[in-house]
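Source file: start08.txt. Holds: compact mmCIF, N, CA and C atoms.
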# COMPACT_ATOMS: atom_id res chain seq x y z
N MET A 1 49.29 3.56 -47.62
CA MET A 1 48.60 2.46 -46.96
C MET A 1 48.20 1.42 -48.00
N ASP A 2 48.31 0.17 -47.63
CA ASP A 2 48.00 -0.94 -48.52
C ASP A 2 46.89 -1.77 -47.89
N ASN A 3 45.76 -1.89 -48.59
CA ASN A 3 44.61 -2.65 -48.08
C ASN A 3 44.59 -4.10 -48.55
N CYS A 4 45.67 -4.58 -49.14
CA CYS A 4 45.68 -5.94 -49.69
C CYS A 4 45.45 -7.01 -48.64
N ASN A 5 45.77 -6.73 -47.38
CA ASN A 5 45.53 -7.72 -46.32
C ASN A 5 44.09 -7.70 -45.82
N ILE A 6 43.37 -6.63 -46.12
CA ILE A 6 41.99 -6.47 -45.67
C ILE A 6 40.99 -6.84 -46.76
N ILE A 7 41.30 -6.42 -47.98
CA ILE A 7 40.42 -6.65 -49.14
C ILE A 7 41.20 -7.45 -50.17
N LYS A 8 40.67 -8.60 -50.57
CA LYS A 8 41.29 -9.42 -51.60
C LYS A 8 40.61 -9.13 -52.94
N ALA A 9 41.39 -8.74 -53.91
CA ALA A 9 40.86 -8.39 -55.23
C ALA A 9 41.09 -9.55 -56.20
N HIS A 10 40.04 -9.91 -56.92
CA HIS A 10 40.09 -10.98 -57.92
C HIS A 10 39.49 -10.43 -59.21
N ILE A 11 40.21 -10.56 -60.30
CA ILE A 11 39.68 -10.11 -61.60
C ILE A 11 39.47 -11.32 -62.50
N ARG A 12 38.33 -11.34 -63.15
CA ARG A 12 37.99 -12.40 -64.11
C ARG A 12 37.65 -11.72 -65.43
N MET A 13 38.28 -12.15 -66.50
CA MET A 13 38.03 -11.57 -67.82
C MET A 13 37.74 -12.68 -68.81
N GLU A 14 36.67 -12.51 -69.51
CA GLU A 14 36.30 -13.41 -70.60
C GLU A 14 35.88 -12.54 -71.77
N GLU A 15 35.61 -13.16 -72.87
CA GLU A 15 35.16 -12.39 -74.03
C GLU A 15 33.85 -11.69 -73.70
N LYS A 16 33.83 -10.37 -73.83
CA LYS A 16 32.65 -9.53 -73.60
C LYS A 16 32.14 -9.57 -72.17
N TYR A 17 33.02 -9.90 -71.21
CA TYR A 17 32.62 -9.93 -69.79
C TYR A 17 33.84 -9.73 -68.91
N GLU A 18 33.73 -8.87 -67.91
CA GLU A 18 34.79 -8.65 -66.94
C GLU A 18 34.17 -8.50 -65.56
N ARG A 19 34.89 -9.00 -64.54
CA ARG A 19 34.39 -8.87 -63.17
C ARG A 19 35.56 -8.63 -62.23
N LEU A 20 35.36 -7.67 -61.34
CA LEU A 20 36.27 -7.43 -60.24
C LEU A 20 35.52 -7.80 -58.97
N SER A 21 36.03 -8.78 -58.22
CA SER A 21 35.43 -9.17 -56.94
C SER A 21 36.34 -8.70 -55.83
N LEU A 22 35.74 -8.04 -54.85
CA LEU A 22 36.46 -7.55 -53.69
C LEU A 22 35.94 -8.31 -52.48
N THR A 23 36.76 -9.21 -51.94
CA THR A 23 36.35 -10.07 -50.84
C THR A 23 36.95 -9.54 -49.54
N PHE A 24 36.12 -9.53 -48.51
CA PHE A 24 36.55 -9.00 -47.21
C PHE A 24 35.76 -9.73 -46.12
N GLY A 25 36.03 -9.43 -44.88
CA GLY A 25 35.30 -10.04 -43.77
C GLY A 25 33.94 -9.40 -43.62
N ASP A 26 33.43 -9.39 -42.43
CA ASP A 26 32.11 -8.83 -42.19
C ASP A 26 32.18 -7.43 -41.58
N ASN A 27 33.24 -6.70 -41.88
CA ASN A 27 33.46 -5.36 -41.36
C ASN A 27 32.64 -4.35 -42.16
N GLU A 28 31.67 -3.73 -41.52
CA GLU A 28 30.79 -2.77 -42.20
C GLU A 28 31.54 -1.52 -42.66
N ASP A 29 32.59 -1.12 -41.94
CA ASP A 29 33.37 0.05 -42.36
C ASP A 29 34.09 -0.23 -43.68
N VAL A 30 34.62 -1.43 -43.84
CA VAL A 30 35.28 -1.81 -45.10
C VAL A 30 34.25 -1.82 -46.22
N LYS A 31 33.09 -2.37 -45.95
CA LYS A 31 32.02 -2.41 -46.95
C LYS A 31 31.64 -1.00 -47.41
N LYS A 32 31.50 -0.09 -46.47
CA LYS A 32 31.18 1.31 -46.80
C LYS A 32 32.30 1.94 -47.63
N GLU A 33 33.55 1.64 -47.27
CA GLU A 33 34.69 2.17 -48.02
C GLU A 33 34.67 1.69 -49.47
N ILE A 34 34.33 0.42 -49.68
CA ILE A 34 34.26 -0.14 -51.03
C ILE A 34 33.15 0.56 -51.83
N PHE A 35 31.97 0.66 -51.25
CA PHE A 35 30.86 1.32 -51.96
C PHE A 35 31.17 2.79 -52.24
N SER A 36 31.84 3.45 -51.32
CA SER A 36 32.23 4.84 -51.54
C SER A 36 33.20 4.97 -52.71
N ALA A 37 34.18 4.06 -52.78
CA ALA A 37 35.14 4.07 -53.89
C ALA A 37 34.44 3.84 -55.21
N ILE A 38 33.50 2.90 -55.23
CA ILE A 38 32.75 2.61 -56.46
C ILE A 38 31.97 3.84 -56.90
N GLU A 39 31.29 4.50 -55.97
CA GLU A 39 30.50 5.69 -56.30
C GLU A 39 31.39 6.82 -56.81
N THR A 40 32.55 6.99 -56.21
CA THR A 40 33.50 8.02 -56.67
C THR A 40 33.89 7.77 -58.11
N VAL A 41 34.22 6.52 -58.43
CA VAL A 41 34.67 6.18 -59.79
C VAL A 41 33.50 6.27 -60.77
N LYS A 42 32.31 5.90 -60.35
CA LYS A 42 31.14 6.05 -61.22
C LYS A 42 30.95 7.51 -61.64
N LYS A 43 31.05 8.42 -60.67
CA LYS A 43 30.90 9.85 -60.96
C LYS A 43 32.01 10.34 -61.87
N GLU A 44 33.22 9.85 -61.64
CA GLU A 44 34.38 10.28 -62.42
C GLU A 44 34.31 9.79 -63.87
N THR A 45 33.84 8.56 -64.07
CA THR A 45 33.88 7.95 -65.40
C THR A 45 32.56 8.01 -66.15
N GLY A 46 31.46 8.16 -65.43
CA GLY A 46 30.14 8.11 -66.07
C GLY A 46 29.66 6.69 -66.35
N LEU A 47 30.45 5.69 -65.96
CA LEU A 47 30.04 4.30 -66.16
C LEU A 47 29.15 3.85 -65.01
N ASN A 48 28.28 2.90 -65.28
CA ASN A 48 27.39 2.37 -64.27
C ASN A 48 27.33 0.84 -64.38
N PRO A 49 28.43 0.17 -64.02
CA PRO A 49 28.44 -1.30 -64.12
C PRO A 49 27.53 -1.92 -63.06
N MET A 50 27.25 -3.20 -63.23
CA MET A 50 26.42 -3.93 -62.27
C MET A 50 27.24 -4.16 -61.00
N ILE A 51 26.64 -3.88 -59.84
CA ILE A 51 27.28 -4.08 -58.56
C ILE A 51 26.49 -5.15 -57.80
N ILE A 52 27.19 -6.18 -57.35
CA ILE A 52 26.53 -7.29 -56.65
C ILE A 52 27.16 -7.43 -55.27
N ASP A 53 26.34 -7.41 -54.24
CA ASP A 53 26.76 -7.55 -52.85
C ASP A 53 26.44 -8.97 -52.41
N ARG A 54 27.46 -9.74 -52.04
CA ARG A 54 27.27 -11.15 -51.70
C ARG A 54 27.75 -11.46 -50.28
N ILE A 55 27.03 -12.37 -49.62
CA ILE A 55 27.45 -12.92 -48.34
C ILE A 55 27.50 -14.43 -48.52
N ALA A 56 28.62 -15.05 -48.14
CA ALA A 56 28.77 -16.50 -48.31
C ALA A 56 27.68 -17.23 -47.53
N GLU A 57 27.04 -18.17 -48.19
CA GLU A 57 25.89 -18.88 -47.61
C GLU A 57 26.25 -19.60 -46.31
N HIS A 58 27.35 -20.30 -46.29
CA HIS A 58 27.71 -21.11 -45.13
C HIS A 58 28.76 -20.45 -44.24
N GLU A 59 29.25 -19.30 -44.67
CA GLU A 59 30.23 -18.56 -43.87
C GLU A 59 29.90 -17.07 -43.95
N PRO A 60 28.90 -16.63 -43.17
CA PRO A 60 28.45 -15.24 -43.28
C PRO A 60 29.52 -14.21 -42.94
N GLN A 61 30.63 -14.63 -42.34
CA GLN A 61 31.71 -13.70 -42.05
C GLN A 61 32.53 -13.36 -43.31
N ILE A 62 32.26 -14.05 -44.40
CA ILE A 62 32.94 -13.76 -45.67
C ILE A 62 31.95 -13.05 -46.59
N GLN A 63 32.32 -11.87 -47.01
CA GLN A 63 31.46 -11.09 -47.91
C GLN A 63 32.28 -10.65 -49.12
N SER A 64 31.58 -10.35 -50.20
CA SER A 64 32.26 -9.80 -51.37
C SER A 64 31.33 -8.86 -52.12
N ILE A 65 31.94 -7.93 -52.79
CA ILE A 65 31.23 -7.02 -53.67
C ILE A 65 31.86 -7.20 -55.04
N SER A 66 31.01 -7.47 -56.03
CA SER A 66 31.49 -7.67 -57.40
C SER A 66 31.04 -6.52 -58.29
N ILE A 67 31.94 -6.13 -59.17
CA ILE A 67 31.64 -5.13 -60.19
C ILE A 67 31.72 -5.88 -61.51
N GLU A 68 30.61 -5.91 -62.24
CA GLU A 68 30.55 -6.68 -63.48
C GLU A 68 30.23 -5.80 -64.67
N CYS A 69 30.95 -6.05 -65.75
CA CYS A 69 30.74 -5.33 -67.00
C CYS A 69 30.47 -6.34 -68.09
N SER A 70 29.51 -6.03 -68.91
CA SER A 70 29.21 -6.92 -70.03
C SER A 70 29.59 -6.24 -71.33
N GLU A 71 29.08 -6.75 -72.39
CA GLU A 71 29.44 -6.37 -73.75
C GLU A 71 29.55 -4.87 -73.99
N ASP A 72 28.62 -4.09 -73.51
CA ASP A 72 28.60 -2.66 -73.81
C ASP A 72 29.74 -1.87 -73.17
N ASP A 73 30.13 -2.25 -71.96
CA ASP A 73 31.13 -1.48 -71.23
C ASP A 73 32.49 -2.14 -71.14
N CYS A 74 32.64 -3.37 -71.63
CA CYS A 74 33.85 -4.14 -71.33
C CYS A 74 35.13 -3.50 -71.86
N ARG A 75 35.06 -2.68 -72.87
CA ARG A 75 36.28 -2.06 -73.40
C ARG A 75 36.87 -1.01 -72.45
N VAL A 76 36.04 -0.41 -71.62
CA VAL A 76 36.53 0.63 -70.71
C VAL A 76 36.45 0.21 -69.24
N CYS A 77 35.99 -0.98 -69.00
CA CYS A 77 35.81 -1.42 -67.62
C CYS A 77 37.15 -1.65 -66.90
N GLY A 78 38.17 -2.04 -67.62
CA GLY A 78 39.48 -2.22 -67.00
C GLY A 78 39.96 -0.95 -66.33
N ASP A 79 39.74 0.19 -66.98
CA ASP A 79 40.10 1.47 -66.38
C ASP A 79 39.27 1.72 -65.12
N PHE A 80 37.99 1.35 -65.17
CA PHE A 80 37.12 1.49 -64.01
C PHE A 80 37.67 0.68 -62.84
N PHE A 81 38.03 -0.57 -63.11
CA PHE A 81 38.58 -1.44 -62.07
C PHE A 81 39.86 -0.85 -61.48
N THR A 82 40.74 -0.37 -62.35
CA THR A 82 42.01 0.22 -61.91
C THR A 82 41.77 1.40 -60.99
N LYS A 83 40.81 2.24 -61.35
CA LYS A 83 40.51 3.42 -60.53
C LYS A 83 39.92 3.00 -59.17
N VAL A 84 39.06 1.99 -59.15
CA VAL A 84 38.50 1.50 -57.88
C VAL A 84 39.62 0.95 -57.00
N LEU A 85 40.49 0.14 -57.58
CA LEU A 85 41.62 -0.42 -56.82
C LEU A 85 42.50 0.69 -56.26
N HIS A 86 42.74 1.72 -57.05
CA HIS A 86 43.54 2.86 -56.60
C HIS A 86 42.85 3.58 -55.44
N GLU A 87 41.55 3.81 -55.55
CA GLU A 87 40.79 4.46 -54.48
C GLU A 87 40.88 3.67 -53.17
N LEU A 88 40.90 2.34 -53.29
CA LEU A 88 40.93 1.47 -52.11
C LEU A 88 42.35 1.15 -51.63
N HIS A 89 43.36 1.70 -52.29
CA HIS A 89 44.77 1.46 -51.94
C HIS A 89 45.11 -0.02 -52.03
N ILE A 90 44.66 -0.64 -53.11
CA ILE A 90 44.99 -2.03 -53.39
C ILE A 90 45.94 -2.03 -54.58
N ASP A 91 47.15 -2.54 -54.37
CA ASP A 91 48.14 -2.47 -55.44
C ASP A 91 48.41 -3.80 -56.13
N LYS A 92 47.66 -4.85 -55.74
CA LYS A 92 47.81 -6.13 -56.43
C LYS A 92 46.55 -6.96 -56.27
N CYS A 93 46.34 -7.85 -57.22
CA CYS A 93 45.20 -8.77 -57.17
C CYS A 93 45.71 -10.15 -56.82
N GLU A 94 44.83 -10.98 -56.35
CA GLU A 94 45.17 -12.37 -56.04
C GLU A 94 45.54 -13.08 -57.33
N GLU A 95 46.36 -14.08 -57.25
CA GLU A 95 46.85 -14.78 -58.43
C GLU A 95 46.12 -16.08 -58.74
N ASP A 96 44.90 -16.22 -58.23
CA ASP A 96 44.18 -17.48 -58.40
C ASP A 96 43.42 -17.58 -59.71
N LEU A 97 43.29 -16.51 -60.46
CA LEU A 97 42.53 -16.55 -61.70
C LEU A 97 43.43 -16.22 -62.87

Rewrite the coordinates I just gave you, this time as structure tokens.
Amino acid sequence: MDNCNIIKAHIRMEEKYERLSLTFGDNEDVKKEIFSAIETVKKETGLNPMIIDRIAEHEPQIQSISIECSEDDCRVCGDFFTKVLHELHIDKCEEDL
């Protein structure tokens, strides 16, 4: 199964900072699935990156969950992102960044 049509993955990488944003509609089941995948990978890796839950101000039907890593974790955060994407059955990221 491929969730690329349901969840859009965007990765942003800068020096000492990485972010994976998972954008989806207002489906609570999808939101629960994302949080479950994050928790699974946290337990597996021992990492605890910052998790931000966002709802678009002018379009509440658009939501996103971001996983952010800063200086301390950025060397291993790519593996964390890969594992989350695998858990969610997402095999590609958007090409906008």

- Quick one: everything within 12 Å of range 73-87 of chain A, counting only C-alpha atoms, minus sequence neighbours fewer than 3 positions away in the same chain. Send it as a PyMOL selection string. chain A and resi 1-4+7-22+33-50+65-70+90-93

- as a PyMOL selection string, please: all residues of range 23-86 of chain A that backbone DSSP puts in alpha helix (DSSP H). chain A and resi 28-45+74-86

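Taking CA of Gln61 in chain A and atom C of Ile6 in chain A as the two end points, the separation is 12.5 Å.
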
- Looking only at the backbone, which of the residues in chain A does DSSP tag as strand (DSSP E), as a PyMOL selection string? chain A and resi 8-14+17-24+50-55+63-69

How about saving the chosen residues, N, CA and C atoms kept, as a PDB file, keeping the file's coordinate frame?
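See again-v6.pdb below for the written result:
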ATOM      1  N   LYS A   8      40.670  -8.600 -50.570  1.00  0.00           N
ATOM      2  CA  LYS A   8      41.290  -9.420 -51.600  1.00  0.00           C
ATOM      3  C   LYS A   8      40.610  -9.130 -52.940  1.00  0.00           C
ATOM      4  N   ALA A   9      41.390  -8.740 -53.910  1.00  0.00           N
ATOM      5  CA  ALA A   9      40.860  -8.390 -55.230  1.00  0.00           C
ATOM      6  C   ALA A   9      41.090  -9.550 -56.200  1.00  0.00           C
ATOM      7  N   HIS A  10      40.040  -9.910 -56.920  1.00  0.00           N
ATOM      8  CA  HIS A  10      40.090 -10.980 -57.920  1.00  0.00           C
ATOM      9  C   HIS A  10      39.490 -10.430 -59.210  1.00  0.00           C
ATOM     10  N   ILE A  11      40.210 -10.560 -60.300  1.00  0.00           N
ATOM     11  CA  ILE A  11      39.680 -10.110 -61.600  1.00  0.00           C
ATOM     12  C   ILE A  11      39.470 -11.320 -62.500  1.00  0.00           C
ATOM     13  N   ARG A  12      38.330 -11.340 -63.150  1.00  0.00           N
ATOM     14  CA  ARG A  12      37.990 -12.400 -64.110  1.00  0.00           C
ATOM     15  C   ARG A  12      37.650 -11.720 -65.430  1.00  0.00           C
ATOM     16  N   MET A  13      38.280 -12.150 -66.500  1.00  0.00           N
ATOM     17  CA  MET A  13      38.030 -11.570 -67.820  1.00  0.00           C
ATOM     18  C   MET A  13      37.740 -12.680 -68.810  1.00  0.00           C
ATOM     19  N   GLU A  14      36.670 -12.510 -69.510  1.00  0.00           N
ATOM     20  CA  GLU A  14      36.300 -13.410 -70.600  1.00  0.00           C
ATOM     21  C   GLU A  14      35.880 -12.540 -71.770  1.00  0.00           C
ATOM     22  N   TYR A  17      33.020  -9.900 -71.210  1.00  0.00           N
ATOM     23  CA  TYR A  17      32.620  -9.930 -69.790  1.00  0.00           C
ATOM     24  C   TYR A  17      33.840  -9.730 -68.910  1.00  0.00           C
ATOM     25  N   GLU A  18      33.730  -8.870 -67.910  1.00  0.00           N
ATOM     26  CA  GLU A  18      34.790  -8.650 -66.940  1.00  0.00           C
ATOM     27  C   GLU A  18      34.170  -8.500 -65.560  1.00  0.00           C
ATOM     28  N   ARG A  19      34.890  -9.000 -64.540  1.00  0.00           N
ATOM     29  CA  ARG A  19      34.390  -8.870 -63.170  1.00  0.00           C
ATOM     30  C   ARG A  19      35.560  -8.630 -62.230  1.00  0.00           C
ATOM     31  N   LEU A  20      35.360  -7.670 -61.340  1.00  0.00           N
ATOM     32  CA  LEU A  20      36.270  -7.430 -60.240  1.00  0.00           C
ATOM     33  C   LEU A  20      35.520  -7.800 -58.970  1.00  0.00           C
ATOM     34  N   SER A  21      36.030  -8.780 -58.220  1.00  0.00           N
ATOM     35  CA  SER A  21      35.430  -9.170 -56.940  1.00  0.00           C
ATOM     36  C   SER A  21      36.340  -8.700 -55.830  1.00  0.00           C
ATOM     37  N   LEU A  22      35.740  -8.040 -54.850  1.00  0.00           N
ATOM     38  CA  LEU A  22      36.460  -7.550 -53.690  1.00  0.00           C
ATOM     39  C   LEU A  22      35.940  -8.310 -52.480  1.00  0.00           C
ATOM     40  N   THR A  23      36.760  -9.210 -51.940  1.00  0.00           N
ATOM     41  CA  THR A  23      36.350 -10.070 -50.840  1.00  0.00           C
ATOM     42  C   THR A  23      36.950  -9.540 -49.540  1.00  0.00           C
ATOM     43  N   PHE A  24      36.120  -9.530 -48.510  1.00  0.00           N
ATOM     44  CA  PHE A  24      36.550  -9.000 -47.210  1.00  0.00           C
ATOM     45  C   PHE A  24      35.760  -9.730 -46.120  1.00  0.00           C
ATOM     46  N   MET A  50      27.250  -3.200 -63.230  1.00  0.00           N
ATOM     47  CA  MET A  50      26.420  -3.930 -62.270  1.00  0.00           C
ATOM     48  C   MET A  50      27.240  -4.160 -61.000  1.00  0.00           C
ATOM     49  N   ILE A  51      26.640  -3.880 -59.840  1.00  0.00           N
ATOM     50  CA  ILE A  51      27.280  -4.080 -58.560  1.00  0.00           C
ATOM     51  C   ILE A  51      26.490  -5.150 -57.800  1.00  0.00           C
ATOM     52  N   ILE A  52      27.190  -6.180 -57.350  1.00  0.00           N
ATOM     53  CA  ILE A  52      26.530  -7.290 -56.650  1.00  0.00           C
ATOM     54  C   ILE A  52      27.160  -7.430 -55.270  1.00  0.00           C
ATOM     55  N   ASP A  53      26.340  -7.410 -54.240  1.00  0.00           N
ATOM     56  CA  ASP A  53      26.760  -7.550 -52.850  1.00  0.00           C
ATOM     57  C   ASP A  53      26.440  -8.970 -52.410  1.00  0.00           C
ATOM     58  N   ARG A  54      27.460  -9.740 -52.040  1.00  0.00           N
ATOM     59  CA  ARG A  54      27.270 -11.150 -51.700  1.00  0.00           C
ATOM     60  C   ARG A  54      27.750 -11.460 -50.280  1.00  0.00           C
ATOM     61  N   ILE A  55      27.030 -12.370 -49.620  1.00  0.00           N
ATOM     62  CA  ILE A  55      27.450 -12.920 -48.340  1.00  0.00           C
ATOM     63  C   ILE A  55      27.500 -14.430 -48.520  1.00  0.00           C
ATOM     64  N   GLN A  63      32.320 -11.870 -47.010  1.00  0.00           N
ATOM     65  CA  GLN A  63      31.460 -11.090 -47.910  1.00  0.00           C
ATOM     66  C   GLN A  63      32.280 -10.650 -49.120  1.00  0.00           C
ATOM     67  N   SER A  64      31.580 -10.350 -50.200  1.00  0.00           N
ATOM     68  CA  SER A  64      32.260  -9.800 -51.370  1.00  0.00           C
ATOM     69  C   SER A  64      31.330  -8.860 -52.120  1.00  0.00           C
ATOM     70  N   ILE A  65      31.940  -7.930 -52.790  1.00  0.00           N
ATOM     71  CA  ILE A  65      31.230  -7.020 -53.670  1.00  0.00           C
ATOM     72  C   ILE A  65      31.860  -7.200 -55.040  1.00  0.00           C
ATOM     73  N   SER A  66      31.010  -7.470 -56.030  1.00  0.00           N
ATOM     74  CA  SER A  66      31.490  -7.670 -57.400  1.00  0.00           C
ATOM     75  C   SER A  66      31.040  -6.520 -58.290  1.00  0.00           C
ATOM     76  N   ILE A  67      31.940  -6.130 -59.170  1.00  0.00           N
ATOM     77  CA  ILE A  67      31.640  -5.130 -60.190  1.00  0.00           C
ATOM     78  C   ILE A  67      31.720  -5.880 -61.510  1.00  0.00           C
ATOM     79  N   GLU A  68      30.610  -5.910 -62.240  1.00  0.00           N
ATOM     80  CA  GLU A  68      30.550  -6.680 -63.480  1.00  0.00           C
ATOM     81  C   GLU A  68      30.230  -5.800 -64.670  1.00  0.00           C
ATOM     82  N   CYS A  69      30.950  -6.050 -65.750  1.00  0.00           N
ATOM     83  CA  CYS A  69      30.740  -5.330 -67.000  1.00  0.00           C
ATOM     84  C   CYS A  69      30.470  -6.340 -68.090  1.00  0.00           C
TER      85      CYS A  69
END

To box range 21-35 of chain A, take all atoms listed in the file, fit an axis-aligned box, add 6 Å on each side, and give centre and edge lengths in Å to one decimal, as JSON.
{"center_x": 33.9, "center_y": -3.6, "center_z": -49.8, "size_x": 18.2, "size_y": 24.9, "size_z": 28.9}
